[in-house]
file entry-v9.cif (mmCIF, C-alpha atoms and all ligand atoms)
data_run
#
loop_
_atom_site.label_atom_id
_atom_site.label_comp_id
_atom_site.auth_asym_id
_atom_site.auth_seq_id
_atom_site.Cartn_x
_atom_site.Cartn_y
_atom_site.Cartn_z
CA MET A 1 22.32 30.68 -33.25
CA THR A 2 24.43 30.90 -36.40
CA ILE A 3 23.89 28.03 -38.78
CA ASP A 4 26.83 25.98 -40.02
CA LEU A 5 26.25 26.32 -43.78
CA GLY A 6 29.28 24.11 -44.43
CA HIS A 7 27.77 21.05 -42.76
CA HIS A 8 27.03 18.17 -45.16
CA GLY A 9 25.58 14.69 -44.74
CA ASP A 10 28.90 12.99 -45.52
CA THR A 11 30.22 13.94 -42.08
CA GLU A 12 27.31 12.05 -40.50
CA VAL A 13 28.17 8.66 -41.98
CA GLY A 14 30.71 6.41 -40.29
CA ALA A 15 32.02 2.87 -40.01
CA GLY A 16 29.28 0.39 -39.18
CA LEU A 17 26.44 2.84 -39.89
CA ILE A 18 23.80 2.35 -42.59
CA ASP A 19 23.92 5.56 -44.59
CA LEU A 20 20.58 7.34 -44.88
CA ALA A 21 22.31 10.71 -44.60
CA VAL A 22 23.89 11.21 -48.03
CA ASN A 23 21.77 11.44 -51.17
CA VAL A 24 24.10 9.50 -53.41
CA ARG A 25 22.79 6.25 -54.88
CA HIS A 26 24.41 3.03 -53.68
CA GLU A 27 24.57 0.70 -56.69
CA PRO A 28 27.42 -0.82 -58.68
CA MET A 29 28.50 1.34 -61.62
CA PRO A 30 27.12 0.11 -64.96
CA GLY A 31 29.66 -0.99 -67.59
CA TRP A 32 28.71 1.79 -70.04
CA LEU A 33 29.89 4.27 -67.38
CA ALA A 34 32.76 2.37 -65.74
CA ASP A 35 34.44 1.38 -69.04
CA PRO A 36 34.96 4.89 -70.47
CA ILE A 37 36.12 6.17 -67.06
CA LYS A 38 38.69 3.34 -66.89
CA GLU A 39 39.69 3.89 -70.49
CA SER A 40 40.26 7.59 -69.78
CA LEU A 41 42.97 6.64 -67.28
CA THR A 42 45.20 5.72 -70.23
CA GLN A 43 45.02 9.34 -71.41
CA LEU A 44 46.00 11.15 -68.25
CA ARG A 45 49.25 12.46 -69.73
CA ALA A 46 47.26 14.89 -71.89
CA TYR A 47 45.47 17.97 -70.57
CA PRO A 48 41.70 17.51 -70.51
CA ASN A 49 39.76 18.40 -73.65
CA ASP A 50 36.09 19.09 -72.98
CA ARG A 51 34.86 19.33 -76.58
CA GLU A 52 33.22 15.92 -76.85
CA ALA A 53 31.61 16.02 -73.42
CA THR A 54 30.27 19.54 -73.99
CA ALA A 55 28.73 18.49 -77.31
CA ALA A 56 27.17 15.40 -75.70
CA VAL A 57 25.61 17.44 -72.88
CA ALA A 58 24.33 20.06 -75.35
CA ARG A 59 22.72 17.32 -77.45
CA ARG A 60 21.12 15.78 -74.41
CA HIS A 61 19.38 18.99 -73.39
CA ARG A 62 18.74 20.30 -76.93
CA ARG A 63 21.00 23.28 -76.26
CA GLU A 64 23.84 24.86 -78.22
CA ILE A 65 27.44 24.04 -77.36
CA ASP A 66 28.06 27.62 -76.24
CA GLU A 67 25.26 27.28 -73.68
CA VAL A 68 27.03 24.47 -71.76
CA LEU A 69 29.79 24.80 -69.17
CA LEU A 70 31.12 21.62 -67.56
CA THR A 71 32.04 22.05 -63.90
CA ALA A 72 33.76 20.10 -61.13
CA GLY A 73 30.40 19.12 -59.66
CA ALA A 74 27.42 21.44 -59.35
CA ALA A 75 29.19 22.80 -56.27
CA GLN A 76 31.79 24.53 -58.45
CA ALA A 77 29.03 26.32 -60.33
CA PHE A 78 27.89 28.03 -57.10
CA VAL A 79 31.37 29.46 -56.67
CA LEU A 80 31.61 30.59 -60.32
CA LEU A 81 28.24 32.35 -60.03
CA ALA A 82 29.15 34.02 -56.74
CA GLN A 83 32.49 35.22 -58.09
CA ALA A 84 31.53 36.16 -61.64
CA LEU A 85 28.41 38.04 -60.49
CA ARG A 86 30.01 40.11 -57.75
CA GLY A 87 28.14 43.09 -59.12
CA ALA A 88 24.79 41.63 -58.00
CA ARG A 89 23.20 44.06 -55.55
CA ARG A 90 20.46 41.90 -54.07
CA PRO A 91 21.26 38.16 -54.15
CA VAL A 92 18.55 36.01 -52.64
CA VAL A 93 18.47 32.31 -51.76
CA VAL A 94 15.14 30.48 -51.45
CA HIS A 95 15.34 28.27 -48.33
CA PRO A 96 15.20 25.63 -47.01
CA GLN A 97 17.67 24.42 -49.61
CA PHE A 98 21.20 23.18 -50.09
CA THR A 99 23.44 25.54 -48.14
CA GLU A 100 26.39 25.86 -50.54
CA PRO A 101 24.87 28.57 -52.78
CA GLU A 102 24.56 30.87 -49.77
CA ALA A 103 27.99 29.84 -48.47
CA ALA A 104 29.58 30.56 -51.87
CA LEU A 105 27.86 33.95 -52.07
CA ARG A 106 28.99 34.92 -48.58
CA ASN A 107 32.56 33.76 -49.27
CA ALA A 108 32.60 36.03 -52.31
CA GLY A 109 31.54 38.97 -50.14
CA HIS A 110 27.84 39.16 -51.04
CA GLU A 111 25.21 40.15 -48.54
CA VAL A 112 22.62 37.41 -48.95
CA GLY A 113 18.88 37.70 -48.47
CA ARG A 114 16.91 34.64 -47.41
CA VAL A 115 13.43 33.84 -48.66
CA LEU A 116 11.92 31.23 -46.34
CA LEU A 117 9.24 28.86 -47.63
CA HIS A 118 6.91 27.49 -44.97
CA ALA A 119 6.18 23.99 -43.70
CA GLU A 120 2.47 24.89 -43.44
CA ASP A 121 2.43 25.51 -47.22
CA GLY A 122 4.23 22.25 -47.90
CA PHE A 123 7.38 24.31 -48.68
CA ARG A 124 5.81 25.26 -52.01
CA LEU A 125 7.32 28.12 -53.94
CA ASP A 126 5.48 31.40 -53.51
CA ALA A 127 6.89 33.78 -56.12
CA ARG A 128 5.50 36.77 -54.19
CA LEU A 129 8.05 36.15 -51.43
CA VAL A 130 10.96 36.88 -53.77
CA PRO A 131 11.69 40.62 -53.68
CA GLU A 132 11.20 42.37 -57.00
CA GLU A 133 14.67 43.99 -56.71
CA ALA A 134 16.44 40.61 -56.31
CA ASP A 135 18.89 40.47 -59.22
CA LEU A 136 20.37 37.04 -58.43
CA VAL A 137 18.00 34.32 -57.21
CA PHE A 138 18.85 30.73 -56.23
CA VAL A 139 16.16 28.07 -56.06
CA GLY A 140 16.42 24.27 -55.97
CA ASN A 141 14.17 22.00 -58.02
CA PRO A 142 13.53 19.43 -56.71
CA THR A 143 14.72 21.01 -53.50
CA ASN A 144 17.19 19.47 -51.13
CA PRO A 145 16.28 18.86 -48.28
CA THR A 146 12.48 19.13 -48.61
CA SER A 147 12.24 16.95 -51.76
CA VAL A 148 9.56 19.32 -53.05
CA LEU A 149 9.29 19.69 -56.83
CA HIS A 150 8.05 23.13 -57.85
CA PRO A 151 6.08 23.52 -61.09
CA ALA A 152 8.39 24.66 -63.91
CA ALA A 153 5.90 27.45 -64.65
CA ALA A 154 6.15 28.80 -61.08
CA ILE A 155 9.94 28.95 -61.36
CA ALA A 156 9.84 30.44 -64.86
CA GLU A 157 7.70 33.25 -63.43
CA LEU A 158 10.69 34.33 -61.37
CA ALA A 159 12.71 35.18 -64.50
CA ARG A 160 13.04 38.93 -65.17
CA PRO A 161 15.14 41.20 -67.34
CA GLY A 162 18.15 42.19 -65.25
CA ARG A 163 17.93 39.13 -62.98
CA VAL A 164 20.00 35.94 -63.02
CA LEU A 165 17.77 33.06 -61.98
CA VAL A 166 19.74 29.99 -60.88
CA VAL A 167 17.78 26.75 -60.73
CA ASP A 168 19.70 23.96 -59.04
CA GLU A 169 18.47 20.78 -60.73
CA ALA A 170 21.06 18.52 -59.10
CA PHE A 171 18.28 16.00 -58.40
CA ALA A 172 16.09 16.52 -61.48
CA ASP A 173 17.07 13.12 -62.79
CA THR A 174 15.46 11.49 -59.73
CA THR A 175 12.02 12.90 -60.52
CA PHE A 176 9.38 10.84 -62.22
CA ARG A 177 5.73 11.20 -63.12
CA ASP A 178 3.55 8.50 -64.62
CA GLY A 179 2.71 9.29 -68.20
CA VAL A 180 5.37 12.02 -68.50
CA ASP A 181 8.18 11.34 -70.90
CA GLY A 182 11.34 12.71 -69.27
CA GLU A 183 11.93 14.82 -66.19
CA PRO A 184 8.80 16.60 -65.04
CA GLU A 185 9.31 20.32 -64.26
CA SER A 186 12.88 20.61 -65.58
CA LEU A 187 13.87 23.89 -67.22
CA ALA A 188 17.07 22.48 -68.73
CA GLU A 189 15.85 22.83 -72.30
CA ARG A 190 14.56 26.41 -71.91
CA SER A 191 16.89 28.76 -73.75
CA ASP A 192 14.14 31.39 -74.04
CA LEU A 193 14.07 32.49 -70.38
CA GLU A 194 16.19 35.58 -69.82
CA GLY A 195 18.92 35.16 -67.20
CA LEU A 196 18.18 31.47 -66.54
CA VAL A 197 21.05 29.27 -65.33
CA VAL A 198 20.25 25.59 -64.80
CA LEU A 199 22.71 23.57 -62.70
CA ARG A 200 23.00 19.82 -63.02
CA SER A 201 24.98 17.24 -61.09
CA LEU A 202 26.09 13.80 -62.24
CA THR A 203 27.32 12.78 -58.82
CA LYS A 204 24.04 11.65 -57.21
CA THR A 205 22.32 9.06 -59.37
CA TRP A 206 25.60 7.82 -60.81
CA GLY A 207 27.48 7.59 -57.52
CA LEU A 208 30.29 9.90 -58.73
CA ALA A 209 30.62 12.27 -55.78
CA GLY A 210 34.36 11.61 -55.64
CA LEU A 211 34.86 12.29 -59.36
CA ARG A 212 33.37 15.84 -59.24
CA ILE A 213 31.30 16.31 -62.38
CA GLY A 214 28.34 18.52 -63.21
CA TYR A 215 27.48 21.35 -65.58
CA LEU A 216 25.51 24.49 -66.08
CA LEU A 217 23.28 25.61 -68.93
CA ALA A 218 22.96 29.32 -69.67
CA ALA A 219 22.78 31.83 -72.52
CA PRO A 220 26.15 32.16 -74.31
CA GLU A 221 27.11 35.55 -72.89
CA LEU A 222 26.37 34.56 -69.31
CA ARG A 223 28.03 31.17 -69.79
CA GLU A 224 31.12 33.03 -71.02
CA ARG A 225 31.26 35.21 -67.90
CA LEU A 226 31.00 32.12 -65.69
CA ALA A 227 33.64 30.26 -67.73
CA ALA A 228 36.03 33.18 -67.25
CA ALA A 229 35.85 32.62 -63.46
CA GLN A 230 36.68 28.93 -63.77
CA PRO A 231 40.22 27.65 -63.17
CA LEU A 232 41.94 26.23 -66.21
CA TRP A 233 41.30 22.50 -66.82
CA ALA A 234 38.84 22.40 -63.92
CA VAL A 235 37.21 19.16 -65.07
CA SER A 236 39.51 16.13 -65.28
CA THR A 237 39.66 13.69 -68.19
CA PRO A 238 37.88 10.86 -66.24
CA ALA A 239 35.15 13.32 -65.23
CA LEU A 240 34.73 14.37 -68.88
CA ALA A 241 34.45 10.71 -69.90
CA ALA A 242 31.69 10.32 -67.31
CA ALA A 243 29.87 13.41 -68.60
CA THR A 244 29.88 12.05 -72.15
CA ALA A 245 28.64 8.64 -71.02
CA CYS A 246 25.92 10.11 -68.78
CA ALA A 247 24.53 12.17 -71.67
CA SER A 248 24.02 9.12 -73.89
CA PRO A 249 20.60 7.68 -74.75
CA THR A 250 21.57 4.57 -72.73
CA ALA A 251 22.18 6.74 -69.67
CA ILE A 252 18.96 8.69 -70.10
CA ALA A 253 16.92 5.47 -70.39
CA ALA A 254 18.67 4.08 -67.30
CA GLU A 255 17.97 7.31 -65.39
CA ARG A 256 14.27 7.05 -66.18
CA GLU A 257 14.19 3.46 -64.90
CA ILE A 258 16.04 4.43 -61.75
CA ALA A 259 13.70 7.38 -61.20
CA ALA A 260 10.67 5.08 -61.49
CA ARG A 261 12.22 2.69 -58.97
CA VAL A 262 13.09 5.56 -56.61
CA ALA A 263 9.46 6.73 -56.82
CA ALA A 264 8.21 3.27 -55.84
CA GLU A 265 10.75 2.97 -53.01
CA ARG A 266 9.87 6.47 -51.80
CA ASP A 267 6.18 5.58 -51.75
CA HIS A 268 7.07 2.52 -49.68
CA LEU A 269 9.05 4.69 -47.23
CA LEU A 270 6.14 7.15 -47.00
CA ARG A 271 3.65 4.35 -46.33
CA ARG A 272 5.86 3.08 -43.51
CA LEU A 273 6.44 6.55 -42.07
CA ALA A 274 2.68 7.13 -41.98
CA HIS A 275 2.51 4.69 -39.03
CA VAL A 276 5.32 6.28 -37.02
CA PRO A 277 4.02 8.21 -34.00
CA ASN A 278 4.55 11.98 -33.77
CA LEU A 279 6.09 12.24 -37.23
CA THR A 280 5.01 14.39 -40.20
CA VAL A 281 6.53 14.40 -43.66
CA ALA A 282 7.44 17.74 -45.24
CA GLY A 283 5.48 18.72 -48.34
CA THR A 284 5.03 16.23 -51.18
CA PRO A 285 8.36 14.49 -51.66
CA ALA A 286 9.47 13.99 -55.27
CA SER A 287 13.15 13.05 -55.04
CA ALA A 288 15.43 10.44 -53.52
CA PHE A 289 15.01 11.67 -49.93
CA VAL A 290 12.29 12.86 -47.60
CA THR A 291 12.38 15.36 -44.77
CA VAL A 292 10.39 14.75 -41.62
CA ARG A 293 9.44 16.71 -38.54
CA LEU A 294 9.33 15.06 -35.16
CA PRO A 295 9.80 16.47 -31.68
CA SER A 296 13.39 16.07 -30.40
CA ALA A 297 14.64 14.87 -33.79
CA ASP A 298 18.13 16.02 -32.77
CA LYS A 299 18.16 13.54 -29.86
CA ILE A 300 16.47 10.82 -31.89
CA ARG A 301 19.18 11.16 -34.53
CA LEU A 302 21.86 10.43 -31.94
CA GLU A 303 19.91 7.43 -30.66
CA LEU A 304 19.57 6.14 -34.25
CA ARG A 305 23.35 6.34 -34.59
CA GLU A 306 23.71 4.14 -31.52
CA ARG A 307 21.50 1.61 -33.29
CA GLY A 308 23.37 1.68 -36.59
CA TYR A 309 21.66 4.36 -38.73
CA ALA A 310 22.99 7.70 -39.96
CA VAL A 311 20.33 10.25 -40.96
CA ARG A 312 20.88 13.88 -41.92
CA ARG A 313 20.35 16.49 -39.21
CA GLY A 314 17.88 19.22 -40.15
CA ASP A 315 19.07 22.04 -37.95
CA THR A 316 21.79 23.24 -40.35
CA PHE A 317 19.22 24.18 -43.00
CA PRO A 318 17.86 27.73 -42.71
CA GLY A 319 14.10 27.44 -42.26
CA LEU A 320 14.23 24.03 -40.53
CA GLY A 321 15.50 23.36 -37.00
CA PRO A 322 16.25 20.69 -34.37
CA ASP A 323 12.90 18.96 -34.95
CA TRP A 324 13.76 17.99 -38.52
CA LEU A 325 15.60 15.09 -40.16
CA ARG A 326 16.28 14.13 -43.76
CA ILE A 327 16.13 10.46 -44.71
CA ALA A 328 17.47 8.99 -47.97
CA VAL A 329 15.23 6.66 -49.96
CA ARG A 330 16.84 3.20 -49.98
CA ASP A 331 15.57 -0.26 -50.91
CA THR A 332 12.51 -1.58 -49.15
CA ALA A 333 14.43 -3.98 -46.87
CA ILE A 334 16.61 -1.17 -45.51
CA THR A 335 13.57 1.10 -45.19
CA ASP A 336 11.60 -1.52 -43.24
CA ALA A 337 14.44 -2.18 -40.81
CA PHE A 338 15.10 1.54 -40.39
CA VAL A 339 11.47 2.50 -39.76
CA ALA A 340 11.12 -0.32 -37.21
CA THR A 341 14.16 1.04 -35.33
CA LEU A 342 12.92 4.63 -35.61
CA THR A 343 9.53 3.58 -34.20
CA ASP A 344 11.23 1.80 -31.27
CA VAL A 345 13.33 4.87 -30.50
CA ILE A 346 10.30 7.17 -30.55
CA GLU A 347 8.09 4.82 -28.51
CA GLU A 348 10.76 4.40 -25.85
CA ARG A 349 10.78 8.17 -25.41
CA LEU A 350 6.98 8.52 -25.06
C1 LIG B 401 20.88 20.33 -54.07
C2 LIG B 401 22.33 20.10 -54.34
N1 LIG B 401 22.93 20.79 -55.31
C3 LIG B 401 24.22 20.61 -55.59
C4 LIG B 401 24.98 19.72 -54.89
C5 LIG B 401 26.41 19.56 -55.25
O1 LIG B 401 26.57 18.44 -56.03
P1 LIG B 401 27.93 18.06 -56.73
O2 LIG B 401 28.39 16.79 -56.09
O3 LIG B 401 27.58 17.90 -58.19
O4 LIG B 401 28.89 19.18 -56.51
C6 LIG B 401 24.41 18.98 -53.87
C7 LIG B 401 25.22 18.01 -53.09
O5 LIG B 401 24.83 17.53 -52.06
C8 LIG B 401 23.05 19.17 -53.58
O6 LIG B 401 22.43 18.49 -52.61
#
call {"tool": "encode", "arguments": {"input": "entry-v9.cif", "output": "structure tokens"}}
result
Amino acid sequence: MTIDLGHHGDTEVGAGLIDLAVNVRHEPMPGWLADPIKESLTQLRAYPNDREATAAVARRHRREIDEVLLTAGAAQAFVLLAQALRGARRPVVVHPQFTEPEAALRNAGHEVGRVLLHAEDGFRLDARLVPEEADLVFVGNPTNPTSVLHPAAAIAELARPGRVLVVDEAFADTTFRDGVDGEPESLAERSDLEGLVVLRSLTKTWGLAGLRIGYLLAAPELRERLAAAQPLWAVSTPALAAATACASPTAIAAEREIAARVAAERDHLLRRLAHVPNLTVAGTPASAFVTVRLPSADKIRLELRERGYAVRRGDTFPGLGPDWLRIAVRDTAITDAFVATLTDVIEERL
């Protein structure tokens, strides 16, 4: 069966359904973010100028300005990489992961190799599985859909002279570890690793999927090659205003608080799921979603829709299949109601 790499959770939500399928946070926008976006609407006559936002992002990650490229969501960065690096001979995507990197590579004419991590190993990264000749490697950290957070050192080991190593950190801001100041296992500040490209998204935690804003961090020469593939004025003025606001100390402090809350709500979800018959959780989840394995998950997903819940199908991720589902972490009341319904659906099928 060919896998539909273009399938995304947003097509699974619908009127009247509680959305556990899309990993975008559902909270009102804080004033420090909404106000500059609104204010930017008074400047739409001018072409976008990314200087301030680029400097703010560089400051946030302790990088130089010429190491930052703002993009129309992290998704645009996949396309820039695929197009600018057409000369790559052995591109490899570490799966299961977000399907757009592979889709962008294939659309640009690349032949893509898949490295499959295994459920039995908790979907942990095994650097030995990545072929030595791979000259363009995509890995997610934390990984969508498995929610597994690989150690930064294990990812850094994949860097090589002559290889571009793309680490998709779209969900890094959702990760949290007690006693750690900042995002555990992020490589965003590492300018010393040859060929490293870190991708970041601002659409998840800040509920900005419709605005399209993200960025990449890379050495100046590589950043320049990627920028040359980008359409002119790719990032709109409101999106730039959001990027500046989301790089501020206020935003970073808010992100850390949200990540701590997500961790507590995820633990609650995991405690509830532990009592659900026939269900196992993939790996050690570390982000705002968890992936579970249960027999006939494809049928259970349809039954859940009948009862008001949208969850993300697992069969469109290489390395998973019809027995997998991804569930977003929501507040404890939604989780409790959802898990009760899920349990009913499973028990009725036993
Ligand atoms: C792992 C991962 N990376 C990147 C993206 C793209 O995010 P953006 O909205 O910034 O384009 C997504 C969106 O679902 C994702 O799940």
call {"tool": "axis_aligned_box", "arguments": {"input": "entry-v9.cif", "around": "ligand LIG 401 (chain B)", "padding_each_side": "3 Å", "output": "AutoDock Vina command-line options"}}
result
--center_x 24.9 --center_y 18.8 --center_z -55.1 --size_x 14.0 --size_y 10.0 --size_z 12.1
call {"tool": "closest_residue", "arguments": {"input": "entry-v9.cif", "among": "A:Thr205, A:Thr280, A:Asn107, A:Ser191", "to": "ligand LIG 401 (chain B)", "atoms": "all atoms listed in the file"}}
result
A:Thr205
call {"tool": "closest_residue", "arguments": {"input": "entry-v9.cif", "among": "A:Gly9, A:Pro151, A:Pro48, A:Gly122", "to": "ligand LIG 401 (chain B)", "atoms": "all atoms listed in the file"}}
result
A:Gly9
call {"tool": "residues_near_point", "arguments": {"input": "entry-v9.cif", "point": "(15.0, 11.3, -43.1)", "cutoff": "10 Å", "atoms": "all atoms listed in the file", "output": "MDAnalysis selection string"}}
result
chainID A and resid 20:21 145:146 269 273 281 289:293 297 301 310:314 324:329
call {"tool": "residues_near_ligand", "arguments": {"input": "entry-v9.cif", "ligand": "ligand LIG 401 (chain B)", "cutoff": "8 Å", "atoms": "only C-alpha atoms and all ligand atoms", "output": "PyMOL selection string"}}
result
chain A and resi 8-9+22-23+72-76+97-98+100+140-145+168-171+199-204+208-210+212-214
call {"tool": "residues_around", "arguments": {"input": "entry-v9.cif", "residues": "Leu193 of chain A", "least_positions_apart": "6", "cutoff": "12 Å", "atoms": "all atoms listed in the file", "output": "ChimeraX atom specification"}}
result
/A:152-153,155-167,187,217-219
call {"tool": "write_last_selection", "arguments": {"input": "entry-v9.cif", "atoms": "C-alpha atoms", "output": "short mmCIF file (atom, residue, chain, number, x, y, z; two decimals), keeping the file's coordinate frame"}}
result
data_model
loop_
_atom_site.label_atom_id
_atom_site.label_comp_id
_atom_site.auth_asym_id
_atom_site.auth_seq_id
_atom_site.Cartn_x
_atom_site.Cartn_y
_atom_site.Cartn_z
CA ALA A 152 8.39 24.66 -63.91
CA ALA A 153 5.90 27.45 -64.65
CA ILE A 155 9.94 28.95 -61.36
CA ALA A 156 9.84 30.44 -64.86
CA GLU A 157 7.70 33.25 -63.43
CA LEU A 158 10.69 34.33 -61.37
CA ALA A 159 12.71 35.18 -64.50
CA ARG A 160 13.04 38.93 -65.17
CA PRO A 161 15.14 41.20 -67.34
CA GLY A 162 18.15 42.19 -65.25
CA ARG A 163 17.93 39.13 -62.98
CA VAL A 164 20.00 35.94 -63.02
CA LEU A 165 17.77 33.06 -61.98
CA VAL A 166 19.74 29.99 -60.88
CA VAL A 167 17.78 26.75 -60.73
CA LEU A 187 13.87 23.89 -67.22
CA LEU A 217 23.28 25.61 -68.93
CA ALA A 218 22.96 29.32 -69.67
CA ALA A 219 22.78 31.83 -72.52
#
call {"tool": "closest_residue", "arguments": {"input": "entry-v9.cif", "among": "A:Leu240, A:Leu226, A:Leu33, A:Ala88", "to": "Asn49 of chain A", "atoms": "only C-alpha atoms"}}
result
A:Leu240
call {"tool": "closest_residue", "arguments": {"input": "entry-v9.cif", "among": "A:Arg271, A:Leu44, A:Thr11, A:Leu211", "to": "Val235 of chain A", "atoms": "all atoms listed in the file"}}
result
A:Leu211
call {"tool": "atom_distance", "arguments": {"input": "entry-v9.cif", "atom1": "atom CA of Leu70 of chain A", "atom2": "atom CA of Ala56 of chain A"}}
result
11.0 Å
